[in-house]
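**Student:** Handing over query-v1.cif, mmCIF, C-alpha atoms.
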data_structure
#
loop_
_atom_site.label_atom_id
_atom_site.label_comp_id
_atom_site.auth_asym_id
_atom_site.auth_seq_id
_atom_site.Cartn_x
_atom_site.Cartn_y
_atom_site.Cartn_z
CA MET A 10 -13.52 -4.78 -18.36
CA PRO A 11 -12.80 -1.06 -18.36
CA GLU A 12 -14.52 -0.73 -14.95
CA VAL A 13 -11.80 -2.88 -13.38
CA LYS A 14 -8.90 -0.81 -14.76
CA ASP A 15 -10.71 2.45 -14.01
CA THR A 16 -11.23 1.39 -10.38
CA THR A 17 -7.58 0.46 -9.82
CA ASP A 18 -6.45 3.67 -11.55
CA ARG A 19 -8.69 5.65 -9.18
CA PHE A 20 -7.15 3.78 -6.23
CA VAL A 21 -3.59 4.71 -7.26
CA ALA A 22 -4.64 8.34 -7.88
CA ALA A 23 -6.37 8.55 -4.48
CA PHE A 24 -3.33 7.03 -2.76
CA ASN A 25 -0.97 9.49 -4.45
CA ALA A 26 -3.28 12.39 -3.56
CA HIS A 27 -3.39 11.13 0.06
CA ASP A 28 -7.17 11.38 -0.24
CA GLU A 29 -8.58 9.36 2.65
CA SER A 30 -12.21 9.89 1.61
CA ALA A 31 -11.56 8.71 -1.94
CA LEU A 32 -9.64 5.66 -0.68
CA HIS A 33 -12.51 4.76 1.63
CA ALA A 34 -15.04 5.16 -1.20
CA ILE A 35 -13.04 2.78 -3.44
CA HIS A 36 -12.88 -0.01 -0.83
CA ALA A 37 -15.91 -2.33 -0.67
CA ASP A 38 -17.69 -2.30 2.69
CA ASP A 39 -16.85 -6.01 3.15
CA ILE A 40 -13.37 -5.99 1.56
CA LYS A 41 -11.03 -8.91 2.19
CA PHE A 42 -7.66 -7.21 2.78
CA ASN A 43 -4.32 -8.85 3.64
CA ALA A 44 -0.89 -7.26 4.03
CA PRO A 45 2.51 -8.28 5.40
CA GLY A 46 2.86 -8.56 9.14
CA GLY A 47 -0.39 -10.47 9.43
CA TYR A 48 -2.55 -7.39 8.87
CA LYS A 49 -6.10 -8.28 7.88
CA ALA A 50 -9.13 -6.08 7.34
CA THR A 51 -12.71 -7.02 6.58
CA ASN A 52 -14.18 -3.55 6.14
CA ALA A 53 -13.46 -0.37 4.20
CA LYS A 54 -12.57 1.64 7.31
CA ASP A 55 -9.73 -0.69 8.35
CA ALA A 56 -8.41 -1.16 4.79
CA THR A 57 -8.29 2.61 4.37
CA ALA A 58 -6.60 2.97 7.76
CA TYR A 59 -3.78 0.69 6.55
CA ALA A 60 -3.08 2.98 3.58
CA MET A 61 -3.31 6.08 5.76
CA THR A 62 -0.79 4.63 8.25
CA TRP A 63 1.75 4.64 5.42
CA LEU A 64 0.77 8.05 4.11
CA LYS A 65 0.97 9.66 7.55
CA ALA A 66 4.45 8.23 8.20
CA PHE A 67 5.64 9.10 4.67
CA PRO A 68 3.84 12.39 3.88
CA ASP A 69 5.54 12.65 0.48
CA GLY A 70 4.74 8.98 -0.27
CA LYS A 71 3.85 8.01 -3.83
CA MET A 72 2.97 4.78 -5.60
CA LYS A 73 4.04 4.15 -9.18
CA VAL A 74 2.68 1.20 -11.15
CA ARG A 75 5.62 -0.39 -12.97
CA SER A 76 3.67 -3.18 -14.65
CA GLU A 77 0.12 -4.42 -14.60
CA ILE A 78 -1.89 -7.45 -15.70
CA THR A 79 -5.68 -7.49 -15.81
CA SER A 80 -7.64 -10.74 -16.00
CA GLY A 81 -11.39 -10.63 -15.45
CA PRO A 82 -12.08 -8.89 -12.14
CA TRP A 83 -8.41 -9.17 -11.03
CA VAL A 84 -5.58 -6.69 -11.48
CA VAL A 85 -2.01 -7.56 -10.52
CA GLN A 86 0.26 -4.55 -10.15
CA GLU A 87 3.99 -4.41 -9.60
CA VAL A 88 4.46 -1.14 -7.73
CA GLU A 89 7.24 1.13 -6.60
CA MET A 90 6.64 2.91 -3.33
CA ALA A 91 8.77 5.90 -2.43
CA GLY A 92 8.68 8.39 0.40
CA THR A 93 10.55 10.01 3.27
CA HIS A 94 9.86 8.79 6.80
CA THR A 95 9.15 12.05 8.63
CA ALA A 96 6.36 11.09 11.06
CA PRO A 97 5.77 8.17 13.45
CA PHE A 98 5.10 4.92 11.61
CA GLU A 99 2.47 2.89 13.45
CA THR A 100 3.24 -0.85 13.19
CA PRO A 101 1.81 -3.98 14.84
CA THR A 102 4.81 -3.99 17.19
CA GLY A 103 4.53 -0.30 18.09
CA PRO A 104 5.42 3.04 16.55
CA ILE A 105 8.70 3.66 14.75
CA ALA A 106 10.04 7.16 15.36
CA PRO A 107 10.81 9.21 12.24
CA THR A 108 14.17 8.32 10.71
CA HIS A 109 14.03 11.06 8.04
CA LYS A 110 15.31 8.51 5.54
CA LYS A 111 14.11 8.19 1.97
CA VAL A 112 12.74 4.73 1.20
CA VAL A 113 12.16 3.19 -2.23
CA GLY A 114 10.61 -0.24 -2.23
CA TYR A 115 8.93 -2.61 -4.63
CA GLY A 116 5.95 -4.82 -4.12
CA VAL A 117 2.96 -6.49 -5.70
CA GLN A 118 -0.71 -5.96 -5.07
CA LEU A 119 -3.50 -8.22 -6.27
CA LEU A 120 -6.80 -6.40 -6.46
CA ARG A 121 -10.22 -7.86 -7.22
CA VAL A 122 -12.83 -5.36 -8.37
CA GLU A 123 -16.56 -5.85 -7.93
CA ASN A 124 -19.22 -3.22 -8.70
CA GLY A 125 -16.60 -0.49 -9.12
CA LYS A 126 -14.99 -1.12 -5.73
CA ILE A 127 -11.99 -3.08 -4.51
CA ALA A 128 -13.53 -6.20 -2.99
CA GLU A 129 -10.27 -8.01 -2.27
CA SER A 130 -6.69 -6.82 -1.87
CA ARG A 131 -3.51 -8.78 -1.19
CA ILE A 132 -0.29 -6.83 -0.76
CA TYR A 133 3.25 -8.22 -0.75
CA PHE A 134 6.52 -6.35 -0.14
CA ASP A 135 9.94 -6.97 1.38
CA GLN A 136 9.66 -5.87 5.00
CA LEU A 137 13.34 -6.65 5.69
CA GLU A 138 14.47 -4.34 2.88
CA GLN A 139 12.18 -1.58 4.15
CA MET A 140 13.55 -1.82 7.70
CA THR A 141 17.12 -1.84 6.34
CA GLN A 142 16.48 1.33 4.31
CA LEU A 143 15.02 2.99 7.40
CA GLY A 144 18.29 2.20 9.21
CA LEU A 145 16.60 -0.15 11.68
CA LEU A 146 18.59 -3.21 10.57
CA PRO A 147 22.23 -3.51 9.55
CA THR A 148 23.01 -3.32 5.86
CA PRO A 149 23.98 -6.77 4.53
CA ALA A 150 27.67 -7.25 3.77
CA ALA A 151 28.62 -7.01 0.10
CA VAL A 152 29.16 -10.34 -1.61
#
So, in terms of structure tokens, how does the structure I just supplied come out?

**Tutor:**
Amino acid sequence: MPEVKDTTDRFVAAFNAHDESALHAIHADDIKFNAPGGYKATNAKDATAYAMTWLKAFPDGKMKVRSEITSGPWVVQEVEMAGTHTAPFETPTGPIAPTHKKVVGYGVQLLRVENGKIAESRIYFDQLEQMTQLGLLPTPAAV
């Protein structure tokens, strides 16, 4: 299914270009979107807003696909996210002021493509590691 791979490739390219219009166009109008922290979206506007929250807080933010598996309409991607926190980061518990710290994190996204759009997206990443890298939690003691 080349359409599936093409769609997820366009998503990564739009994310890395910080192209809000392209991200919105790739999300299905009735997308089922879930992310850590209990974030859920059921429309393209809110799913796009989630991505833009990250890109606004990390203006140099980039996503790199480290590995990928495609099966039917599903694509599973292991991703590396990197960026510098230079603007307020809007979170469910309130904004986090810029820390000016570089963050590199890893996660997984499961994407289901339908009619050339992302119809379902589930994102997983280590929130504790992210907060530690931002300097908001103490660094664990070495073992």

**Student:** Find, counting only C-alpha atoms, the residue in A:Gln139, A:Thr16, A:Ser130, A:Thr100 that gets nearest to Ala50 of chain A.

**Tutor:**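 Using only C-alpha atoms, Ala50 of chain A sits closest to A:Ser130.
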
**Student:** Could you tell me how far atom CA of Val84 of chain A sits from atom CA of Ala23 of chain A, in Å to one decimal place?

**Tutor:**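 Between these atoms lies a distance of 16.8 Å.
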
**Student:** With 8 Å as the threshold, what does the neighbourhood of (-10.0, -3.8, -14.9) contain in terms of residues, counting all atoms listed in the file? Coordinates are those of the file; answer as a list in words.

**Tutor:**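 All residues meeting the 8 Å criterion around (-10.0, -3.8, -14.9) are Met10, Pro11, Glu12, Val13, Lys14, Asp15, Thr16, Thr17, Thr79, Ser80, Gly81, Pro82, Trp83, Val84 and Val122 of chain A.
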
**Student:** With all atoms listed in the file as the basis for distance, which of A:Gln136, A:Thr62, A:Thr141, A:Ser76 is at the shortest distance from Pro104 of chain A?

**Tutor:** A:Thr62

**Student:** Of the residues A:Ala22, A:Val85, A:Ala151, A:Leu145, which is the one nearest to Lys110 of chain A, using all atoms listed in the file?

**Tutor:**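 Smallest distance to Lys110 of chain A is found for A:Leu145.
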
**Student:** Please enumerate the residues selected by the PyMOL selection byres ((chain A and resi 37) around 9) when evaluated against the supplied file, formatted as JSON, numbers by chain.

**Tutor:** {"A": [33, 34, 35, 36, 38, 39, 40, 41, 52, 53, 122, 123, 124, 125, 126, 127, 128, 129]}

**Student:** Counting all atoms listed in the file, which residue out of A:Lys65, A:His27, A:Lys73, A:Lys54 sits closest to His94 of chain A?

**Tutor:**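 So, comparing all the options, the nearest one is A:Lys65.
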
**Student:** So how far away is atom CA of Pro101 of chain A from atom CA of Tyr48 of chain A, in Å?

**Tutor:** 8.1 Å

**Student:** How many Å separate atom CA of Thr95 of chain A from atom CA of Val112 of chain A?

**Tutor:**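 Result for atom CA of Thr95 of chain A versus atom CA of Val112 of chain A: 11.0 Å, one decimal.
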
**Student:** Restricting the calculation to all atoms listed in the file: of A:Pro107, A:Gly116, A:Pro149, A:Pro68, which residue gets closest to Met90 of chain A?

**Tutor:**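 The shortest atom-to-atom distance to Met90 of chain A comes from A:Gly116.
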
**Student:** Just say which residues the PyMOL selection byres ((chain A and resi 131) around 10) picks in this file, as a VMD selection string.

**Tutor:** chain A and resid 41 to 45 49 85 117 to 121 129 to 130 132 to 133

**Student:** Expand the PyMOL selection byres ((chain A and resi 25) around 10) into the explicit residue set it covers here, and present it as number ranges by chain.

**Tutor:** A: 19-24, 26-28, 64, 69-73

**Student:** Of the residues A:Tyr59, A:Ala31, A:Gly46, A:Gly144, which is the one nearest to Ile105 of chain A, using only C-alpha atoms?

**Tutor:**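 Selected residue with least distance to Ile105 of chain A: A:Gly144.
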